[in-house]
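Dropping data.txt in here (compact mmCIF, C-alpha atoms and all ligand atoms):
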```
# COMPACT_ATOMS: atom_id res chain seq x y z
CA MET A 159 6.79 -1.31 -2.33
CA LYS A 160 8.96 -3.69 -0.28
CA ILE A 161 7.36 -7.13 -0.26
CA ALA A 162 8.61 -10.24 1.57
CA ILE A 163 7.88 -13.55 -0.11
CA GLY A 164 8.36 -17.08 1.15
CA SER A 165 7.22 -20.60 0.44
CA ASP A 166 7.87 -24.21 1.26
CA HIS A 167 8.78 -26.77 -1.43
CA ALA A 168 5.18 -27.00 -2.67
CA GLY A 169 5.13 -23.28 -3.37
CA TYR A 170 8.67 -23.03 -4.69
CA GLU A 171 7.96 -22.69 -8.43
CA LEU A 172 4.97 -20.42 -8.00
CA ARG A 173 6.97 -18.24 -5.62
CA LEU A 174 9.63 -17.68 -8.31
CA LEU A 175 6.91 -16.68 -10.77
CA VAL A 176 5.27 -14.29 -8.30
CA LYS A 177 8.65 -12.84 -7.42
CA ASP A 178 9.41 -12.13 -11.12
CA HIS A 179 5.97 -10.59 -11.52
CA LEU A 180 6.48 -8.28 -8.55
CA GLU A 181 9.93 -7.22 -9.65
CA GLY A 182 8.59 -6.62 -13.15
CA HIS A 183 6.14 -4.18 -11.61
CA GLY A 184 8.86 -2.28 -9.78
CA HIS A 185 8.52 -3.80 -6.32
CA GLU A 186 11.50 -4.66 -4.16
CA VAL A 187 11.23 -8.31 -3.15
CA ILE A 188 12.75 -9.79 0.00
CA ASP A 189 12.88 -13.51 -0.74
CA VAL A 190 13.08 -15.51 2.50
CA GLY A 191 13.20 -18.88 0.69
CA HIS A 192 12.92 -21.88 0.59
CA HIS A 193 15.53 -21.96 -2.19
CA SER A 194 14.95 -25.40 -3.71
CA PRO A 195 12.12 -27.86 -4.35
CA ALA A 196 13.45 -30.18 -1.60
CA PRO A 197 10.88 -30.84 1.17
CA VAL A 198 10.91 -28.42 4.10
CA ASP A 199 8.57 -27.38 6.90
CA TYR A 200 6.12 -24.62 5.94
CA PRO A 201 5.94 -23.04 9.46
CA VAL A 202 9.55 -21.90 9.11
CA TYR A 203 8.71 -19.84 6.02
CA GLY A 204 5.39 -18.54 7.31
CA ARG A 205 7.24 -17.27 10.33
CA LEU A 206 10.00 -15.65 8.24
CA VAL A 207 7.48 -13.82 6.05
CA GLY A 208 5.50 -12.75 9.13
CA GLU A 209 8.58 -11.51 10.95
CA ALA A 210 9.77 -9.53 7.92
CA VAL A 211 6.41 -7.73 7.87
CA ALA A 212 5.99 -7.32 11.64
CA SER A 213 9.51 -5.89 11.99
CA GLY A 214 8.89 -3.33 9.25
CA GLN A 215 11.59 -4.79 7.01
CA ALA A 216 8.82 -5.34 4.45
CA GLU A 217 5.52 -3.47 4.07
CA LEU A 218 3.62 -6.56 2.97
CA GLY A 219 4.25 -10.30 2.65
CA ILE A 220 3.24 -13.17 0.41
CA ALA A 221 3.33 -16.75 1.66
CA ILE A 222 2.79 -19.85 -0.47
CA CYS A 223 2.56 -23.53 0.44
CA GLY A 224 0.55 -26.40 -1.03
CA THR A 225 -2.82 -25.11 0.16
CA GLY A 226 -1.86 -21.76 1.69
CA VAL A 227 -3.45 -22.97 4.92
CA GLY A 228 -0.43 -24.13 6.92
CA ILE A 229 1.80 -21.22 6.00
CA SER A 230 -0.96 -18.68 6.79
CA ILE A 231 -1.59 -20.27 10.19
CA ALA A 232 2.14 -20.01 10.93
CA ALA A 233 2.40 -16.39 9.71
CA ASN A 234 -0.61 -15.46 11.85
CA LYS A 235 1.26 -16.54 14.99
CA VAL A 236 3.62 -13.58 14.55
CA PRO A 237 2.14 -10.65 16.52
CA GLY A 238 1.00 -7.89 14.18
CA VAL A 239 0.45 -10.19 11.22
CA ARG A 240 -2.94 -10.49 9.54
CA ALA A 241 -2.48 -13.21 6.95
CA ALA A 242 -5.36 -14.00 4.60
CA CYS A 243 -5.46 -17.40 2.90
CA VAL A 244 -7.36 -16.90 -0.36
CA SER A 245 -8.06 -18.68 -3.63
CA GLU A 246 -9.77 -15.98 -5.72
CA PRO A 247 -9.25 -12.25 -6.36
CA PHE A 248 -12.43 -10.98 -4.66
CA SER A 249 -11.34 -12.26 -1.25
CA ALA A 250 -7.78 -11.08 -1.93
CA LEU A 251 -9.02 -7.52 -2.56
CA LEU A 252 -11.45 -7.53 0.37
CA SER A 253 -8.79 -8.89 2.69
CA ARG A 254 -6.92 -5.64 2.09
CA GLN A 255 -9.92 -3.29 2.08
CA HIS A 256 -11.75 -4.71 5.10
CA ASN A 257 -9.20 -6.72 7.08
CA ASN A 258 -6.04 -4.76 6.31
CA ALA A 259 -4.33 -8.09 5.61
CA ASN A 260 -0.60 -7.53 5.57
CA VAL A 261 0.22 -11.05 4.35
CA LEU A 262 -1.44 -12.78 1.40
CA ALA A 263 -1.28 -16.58 1.43
CA PHE A 264 -2.37 -19.07 -1.19
CA GLY A 265 -1.83 -22.64 -2.27
CA ALA A 266 0.23 -23.64 -5.29
CA ARG A 267 -1.73 -26.92 -5.36
CA VAL A 268 -5.02 -24.99 -5.31
CA VAL A 269 -4.63 -22.16 -7.80
CA GLY A 270 -2.83 -21.98 -11.12
CA PRO A 271 -0.25 -19.32 -11.96
CA GLY A 272 -2.71 -17.03 -13.78
CA LEU A 273 -5.15 -16.94 -10.88
CA ALA A 274 -2.31 -16.48 -8.39
CA LEU A 275 -1.05 -13.38 -10.21
CA MET A 276 -4.59 -11.99 -10.46
CA MET A 277 -4.98 -12.39 -6.69
CA VAL A 278 -1.65 -10.71 -6.05
CA ASP A 279 -2.59 -7.77 -8.30
CA ALA A 280 -6.04 -7.43 -6.75
CA TRP A 281 -4.55 -7.47 -3.25
CA LEU A 282 -1.81 -4.96 -4.03
CA GLY A 283 -4.26 -2.74 -5.90
CA GLY A 284 -6.54 -2.39 -2.88
CA SER A 285 -6.14 -0.22 0.18
CA PHE A 286 -7.56 -0.37 3.68
CA ALA A 287 -10.99 1.28 3.84
CA GLY A 288 -10.63 2.29 7.52
CA GLY A 289 -13.77 3.56 9.30
CA ARG A 290 -15.87 0.75 10.76
CA HIS A 291 -13.32 -1.74 9.43
CA ALA A 292 -10.58 -0.06 11.46
CA GLU A 293 -12.64 -0.58 14.60
CA ARG A 294 -13.00 -4.29 13.78
CA VAL A 295 -9.34 -4.76 13.00
CA ALA A 296 -8.56 -2.94 16.27
CA LEU A 297 -10.60 -5.61 18.10
CA ILE A 298 -8.31 -8.26 16.60
CA SER A 299 -5.22 -6.32 17.69
CA GLN A 300 -6.73 -5.98 21.14
CA MET A 301 -7.03 -9.78 21.44
CA GLU A 302 -3.39 -10.08 20.48
CA ASP A 303 -2.33 -7.40 23.00
CA GLU A 304 -4.24 -9.16 25.79
CA ARG A 305 -2.44 -12.41 25.06
CA THR A 306 1.06 -10.97 24.67
CA ARG A 307 0.80 -8.93 27.90
CA ASP A 308 2.73 -10.59 30.76
C1 LIG B 1 3.36 -30.02 2.11
O1 LIG B 1 3.18 -31.31 1.61
C2 LIG B 1 2.01 -29.41 2.45
O2 LIG B 1 1.50 -30.02 3.58
C3 LIG B 1 2.15 -27.92 2.66
O3 LIG B 1 2.68 -27.34 1.51
C4 LIG B 1 0.87 -27.15 2.95
O4 LIG B 1 -0.13 -27.45 2.05
C5 LIG B 1 0.41 -27.17 4.34
O5 LIG B 1 -0.57 -26.53 4.73
```
Can you turn what I pasted into structure tokens?
Amino acid sequence: MKIAIGSDHAGYELRLLVKDHLEGHGHEVIDVGHHSPAPVDYPVYGRLVGEAVASGQAELGIAICGTGVGISIAANKVPGVRAACVSEPFSALLSRQHNNANVLAFGARVVGPGLALMMVDAWLGGSFAGGRHAERVALISQMEDERTRD
């Protein structure tokens, strides 16, 4: 699978670990940065991950900042993105099965590396359940369509 990954400075080290993990499992990773631990603005990287997914360059995206909150808010501003900010594997899995989340976000200051990789694996291991959930996700897309219409 092609997966975009991005983080700010707070998520820098965890991003490298997640990237290695994904590549070790045969995924192709599009790393949108940030490429050092120097302070940067998380919205830039949330947007880059979101745009990689929305454009089809990547099938899914992973976004990491200190809490996962800021970078998920930014990614969710890209039309077509459904970013889920999670801190345990159950929500990570359900975000895929019920919400068809196409971006997973988490906080490097919230979860440790082991938990982060568990969440990533749970999320990637799930698939969208469709059915009644598809109707609900369609309602979200409808809201987006209404707002992006001129
Ligand atoms: C950076 O200090 C921090 O604010 C950022 O990584 C993130 O937690 C924002 O939501």
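Candidate residues A:Arg294, A:Lys160, A:Arg267, A:Arg205 were compared for distance to Leu172 (chain A), and the nearest is A:Arg267, using all atoms listed in the file.
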- Message: Around the point (3.7, -8.8, 3.1) (coordinates from the file), which residues reach within 6 Å if we count only C-alpha atoms? Answer as an MDAnalysis selection string.
- Response: chainID A and resid 161:162 211 217:220 260:261
- Task: Step by step, measure atom-to-atom distances between ligand LIG 1 (chain B) and each residue using all atoms listed in the file, keep those at most 9 Å, then write them as a ChimeraX atom specification.
- Result: /A:165-169,197-201,222-231,265-267
- Within 9 Å of Asp279 (chain A), counting all atoms listed in the file, which residues show up once you throw out same-chain ones fewer than 3 positions away? Write them as a PyMOL selection string, please. chain A and resi 247+250-251+274-276+282-284
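Relative to CA of Glu186 (chain A), CA of Asn234 (chain A) is found at 22.8 Å.
Residue nearest Gly164 (chain A) within the list A:Arg240, A:His183, A:Lys235, A:Lys177: A:Lys177 [criterion: smallest interatomic distance, only C-alpha atoms].
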- Item | Which of A:Leu297, A:Ala210, A:Ala292, A:Val202 sits closest to Asp189 (chain A) [using all atoms listed in the file] | A:Ala210
- Using all atoms listed in the file, the residue out of A:Met301, A:Leu273, A:Val176, A:Val190 with shortest distance to Tyr203 (chain A) is A:Val190
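Note that CA of Ala280 (chain A) and CA of Ile188 (chain A) are 20.1 Å apart.
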- Task: Could you please give me, as number ranges by chain, the residues of protein, DNA or RNA lying at most 12 Å from (-6.3, -0.4, 3.7) in the coordinate frame of the file, considering only C-alpha atoms?
- Result: A: 218, 251-260, 281-292, 295
